[in-house]
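Peer 1: Pasting a structure below so you can have a look.
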Amino acid sequence: MKELWVEKYRPKKLEDYVFRDNHQKAQVQAWVKDESIPHLLFSGAAGIGKTTMAKMLVNELGIESYDVLELNASRNNSVDEIRDKITGFVQTIPFGPFKVVLLDEADYLSPNAQAALRGVMEEYHSTSRFVLTCNYPNRIIPAIHSRCQGFHIEKIDQTEFTARVATILVEENIEFELDTLDNYVKVAYPDLRKCINMVQQNVSGNKLSSPTKGDEGEADWKFEMVELFKAGKITQARKLLCGKVRAEEMEEIYRWLYDNLEIFGEEEKQDTAVIIIKQGLVDHTLVADPEINLAATLIKLARL
Ligand SMILES: Nc1ncnc2c1ncn2[C@@H]1O[C@H](COP(=O)(O)OP(=O)(O)O)[C@@H](O)[C@H]1O
Ligand SMILES: [Mg+2]
């Protein structure tokens with residue numbers, strides 16, 4: 001299988017990371033220079049470089065891999081699982097100056113799981129640092145906020161965004177028209193991961209082709225889906241989705257739903273929606289028929 005460009009070109013060094021503002025760059029440089037970080041909470045929209053920032057920082061700090069635990073909260077189901085993994089890891093003495101727990105997508109954790117996490121953060125503060133990422137900082141409990149330095153990542157501007165993708169294409173010796181690239185940018189911005197993935201999928205030979213109907217239509221079916229959801233036309237929304245998406249794209253739908261929680265109404269409904277979406281995502285990889293799982297998830301969401 002071809003290597004994914006999002007991984008191949010994920011910046012590992014500070015100088016390769018495109019910063020939105022110099023303030024933040026200076027802050028990261030200061031941490032690297034001091035060889036020390038507080039507990040951190042990176043927040044921001046999907047695909048704009050939160051995970052990249054967290055990994056780049058750990059790398060620049062020179063923390064050895066045996067002192068790093070990477071977990072993705074959206075893939076780990078239970079409170080116990082998360083707590084057991086983390087306590088098992090932080091209990092032993094670090095080889096280097098400290099251990100780092102990189103907890104990606106921490107906002108997928110229930111408030112209970114977050115409370116347990118906060119306890120561990122407190123207990124092992126002298127030997128461990130926690131680096132969390134999330135899309136929605138307001139889904140993180142205050143007790144964790146108050147223990148972490150918040151770091152909100154804004155989207156980079158569209159020119160830099162385009163330049164970043166263009167650089168990858170040049171590195172890969174792909175021929176492309178700027179106009180063609182622009183069409184991808186229009187659909188994906190500010191989600192850089194999505195843009196890089198779409199572009200990679202549409203390269204044949206060493207040429208970048210125009211977005212396929214699917215790519216361009218994507219935004220459309222999402223709009224259509226939201227309209228149907230809002231109008232309570234659940235059966236149609238489900239047919240639309242299950243008919244249009246390939247199995248490989250389903251995971252993205254769960255994530256899209258999560259990124260657009262406001263379509264489910266007020267905060268309380270959003271809280272329930274998170275639980276349903278997360279369960280759907282976890283089951284997605286386990287069940288025999290992912291399409292039925294998606295349909296069942298959508299039905300539950302529509303009943304909110
Ligand atoms: N600021 C950035 N500078 C350079 N590349 C970036 C930046 N942000 C994102 N990317 C690219 O986009 C991809 C997705 O970023 P990622 O950090 O996984 O996003 P998320 O915010 O969802 O965690 C990365 O693999 C990287 O190639
Ligand atoms: Mg991420």
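Going by the structure tokens order, chains are called A, B, ..., each with residues numbered from 1, while ligands are numbered from 1 in the order shown.
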Which parts of stretch 50-269 of chain A does DSSP call helix (DSSP H, G or I) when run on the backbone here, written out as number ranges by chain?
Peer 2: A: 50-60, 65-67, 79-90, 106-108, 111-123, 137-139, 142-145, 158-171, 178-188, 192-201, 213-230, 234-244, 247-259, 261-264, 267-269
Peer 1: Residues at most 10 Å from A:Asn197, counting only C-alpha atoms, excluding those fewer than 3 positions away in the same chain, as a ChimeraX atom specification?
Peer 2: /A:4-6,188,192-194,200-202
Peer 1: Hey, which residues sit close to ligand 1? Say within 9 Å, counting only C-alpha atoms and all ligand atoms, and write them as an MDAnalysis selection string.
Peer 2: chainID A and resid 4:11 16:20 42:55 104:105 133:135 153 155:156 161 164:165 191:197
Peer 1: Counting only C-alpha atoms, which residue out of A:Lys233, A:Arg303, A:Arg139, A:Lys99 sits closest to A:Thr87?
Peer 2: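 Going through A:Lys233, A:Arg303, A:Arg139, A:Lys99 one by one, the smallest distance to A:Thr87 is for A:Lys99.
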Peer 1: Just checking: using only C-alpha atoms and all ligand atoms, which residue out of A:Ala163, A:Leu132, A:Gly96, A:His125 ends up closest to ligand 2?
Peer 2: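 Going through A:Ala163, A:Leu132, A:Gly96, A:His125 one by one, the smallest distance to ligand 2 is for A:Leu132.
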Peer 1: So, counting only C-alpha atoms and all ligand atoms, which residue among A:Tyr124, A:Trp31, A:Tyr184, A:Tyr108 is closest to ligand 2?
Peer 2: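 Smallest distance to ligand 2 is found for A:Tyr108.
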Peer 1: Enumerate the residues of stretch 9-198 of chain A with a DSSP assignment of strand (DSSP E), computed from the backbone, and present them as a ChimeraX atom specification.
Peer 2: /A:40-43,68-72,99-104,128-134,149-152
Peer 1: For N, CA and C atoms, I'd like the residues from the last selection saved as a short mmCIF file (atom, residue, chain, number, x, y, z; two decimals), in the first residue's frame.
Peer 2:
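So again10.cif came out as:
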data_model
loop_
_atom_site.label_atom_id
_atom_site.label_comp_id
_atom_site.auth_asym_id
_atom_site.auth_seq_id
_atom_site.Cartn_x
_atom_site.Cartn_y
_atom_site.Cartn_z
N LEU A 40 -0.77 20.27 28.92
CA LEU A 40 -1.25 21.11 27.82
C LEU A 40 -2.56 20.61 27.25
N LEU A 41 -3.36 21.55 26.80
CA LEU A 41 -4.60 21.21 26.11
C LEU A 41 -4.65 21.97 24.79
N PHE A 42 -4.41 21.25 23.70
CA PHE A 42 -4.50 21.86 22.37
C PHE A 42 -5.93 21.72 21.86
N SER A 43 -6.50 22.84 21.43
CA SER A 43 -7.86 22.76 20.88
C SER A 43 -7.91 23.42 19.51
N VAL A 68 6.86 7.77 26.27
CA VAL A 68 5.67 8.38 25.67
C VAL A 68 4.56 7.35 25.53
N LEU A 69 3.38 7.71 25.99
CA LEU A 69 2.20 6.86 25.78
C LEU A 69 1.21 7.65 24.93
N GLU A 70 0.88 7.08 23.76
CA GLU A 70 -0.09 7.75 22.89
C GLU A 70 -1.40 6.99 22.94
N LEU A 71 -2.46 7.72 23.25
CA LEU A 71 -3.78 7.11 23.28
C LEU A 71 -4.76 7.98 22.51
N ASN A 72 -5.71 7.35 21.86
CA ASN A 72 -6.76 8.12 21.22
C ASN A 72 -8.07 7.82 21.92
N LYS A 99 7.76 11.61 31.85
CA LYS A 99 6.97 10.87 30.89
C LYS A 99 5.92 11.78 30.27
N VAL A 100 5.48 11.43 29.08
CA VAL A 100 4.42 12.20 28.44
C VAL A 100 3.27 11.28 28.06
N VAL A 101 2.08 11.66 28.50
CA VAL A 101 0.88 10.96 28.04
C VAL A 101 0.21 11.84 27.01
N LEU A 102 0.17 11.35 25.78
CA LEU A 102 -0.45 12.12 24.71
C LEU A 102 -1.85 11.54 24.49
N LEU A 103 -2.83 12.28 24.95
CA LEU A 103 -4.20 11.79 24.86
C LEU A 103 -4.95 12.58 23.78
N ASP A 104 -5.05 11.93 22.64
CA ASP A 104 -5.66 12.59 21.48
C ASP A 104 -7.18 12.51 21.57
N SER A 128 5.19 13.09 35.32
CA SER A 128 4.49 12.97 34.04
C SER A 128 3.84 14.27 33.60
N ARG A 129 3.82 14.45 32.30
CA ARG A 129 3.08 15.58 31.72
C ARG A 129 2.00 15.02 30.79
N PHE A 130 0.86 15.67 30.82
CA PHE A 130 -0.24 15.26 29.96
C PHE A 130 -0.42 16.27 28.84
N VAL A 131 -0.48 15.76 27.63
CA VAL A 131 -0.74 16.62 26.47
C VAL A 131 -2.03 16.13 25.84
N LEU A 132 -3.05 16.96 25.92
CA LEU A 132 -4.36 16.57 25.41
C LEU A 132 -4.70 17.36 24.15
N THR A 133 -5.44 16.73 23.27
CA THR A 133 -5.99 17.50 22.14
C THR A 133 -7.51 17.33 22.14
N CYS A 134 -8.19 18.34 21.62
CA CYS A 134 -9.65 18.23 21.50
C CYS A 134 -10.17 19.20 20.45
N GLN A 149 -2.41 24.17 30.58
CA GLN A 149 -2.32 25.42 29.85
C GLN A 149 -3.06 25.22 28.53
N GLY A 150 -4.04 26.07 28.27
CA GLY A 150 -4.81 25.97 27.04
C GLY A 150 -4.04 26.55 25.88
N PHE A 151 -4.21 25.96 24.71
CA PHE A 151 -3.48 26.42 23.54
C PHE A 151 -4.41 26.22 22.35
N HIS A 152 -5.06 27.30 21.93
CA HIS A 152 -6.03 27.16 20.85
C HIS A 152 -5.35 27.36 19.50
#
Peer 1: So what do you get for atom CA of A:Asn112 versus atom CA of A:Ile275, distance-wise?
Peer 2: 12.4 Å
Peer 1: Return the single residue from A:Ala231, A:Ile168, A:Ala73, A:Gly62 that is closest to ligand 2, with distances computed using only C-alpha atoms and all ligand atoms.
Peer 2: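 Using only C-alpha atoms and all ligand atoms, ligand 2 sits closest to A:Ala73.
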Peer 1: Quick one: pull the distance between atom CA of A:Ala296 and atom CA of A:Ser110, Å, one decimal.
Peer 2: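 About the pair atom CA of A:Ala296 and atom CA of A:Ser110: they are 21.4 Å apart.
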Peer 1: Which is closest to ligand 2 among A:Val90, A:Asp34, A:Asn260, A:Arg255, if we use only C-alpha atoms and all ligand atoms?
Peer 2: A:Arg255
Peer 1: So that I can check the surroundings of A:Gln270, please list as a PyMOL selection string every protein, DNA and RNA residue that reaches within 12 Å of it, counting only C-alpha atoms and ignoring chain neighbours fewer than 5 positions away.
Peer 2: chain A and resi 136+138-139+257-265+275-277+301-302+304
Peer 1: Expressed in Å to a single decimal, how great is the separation between atom CA of A:Val58 and atom CA of A:Lys25?
Peer 2: 14.9 Å
Peer 1: Using only C-alpha atoms and all ligand atoms, which residue out of A:Ser209, A:Thr159, A:Ser74, A:Asn173 lies closest to ligand 2?
Peer 2: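 Smallest distance to ligand 2 is found for A:Ser74.
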Peer 1: I want to know what sits within 10 Å of A:Pro142, based on only C-alpha atoms, with residues of the same chain fewer than 6 positions away left out; could you give that as a ChimeraX atom specification?
Peer 2: /A:114-115,148
Peer 1: Take the residues from that selection and write them out as an mmCIF file, in the first residue's frame, keeping N, CA and C atoms.
Peer 2:
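So selection02.cif came out as:
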data_model
loop_
_atom_site.group_PDB
_atom_site.id
_atom_site.type_symbol
_atom_site.label_atom_id
_atom_site.label_comp_id
_atom_site.auth_asym_id
_atom_site.auth_seq_id
_atom_site.Cartn_x
_atom_site.Cartn_y
_atom_site.Cartn_z
ATOM 1 N N GLN A 114 -13.063 11.800 32.438
ATOM 2 C CA GLN A 114 -12.207 12.977 32.596
ATOM 3 C C GLN A 114 -11.877 13.218 34.061
ATOM 4 N N ALA A 115 -12.847 12.981 34.930
ATOM 5 C CA ALA A 115 -12.602 13.169 36.359
ATOM 6 C C ALA A 115 -11.548 12.181 36.847
ATOM 7 N N CYS A 148 -4.381 22.477 33.023
ATOM 8 C CA CYS A 148 -3.639 22.500 31.757
ATOM 9 C C CYS A 148 -3.485 23.932 31.264
#
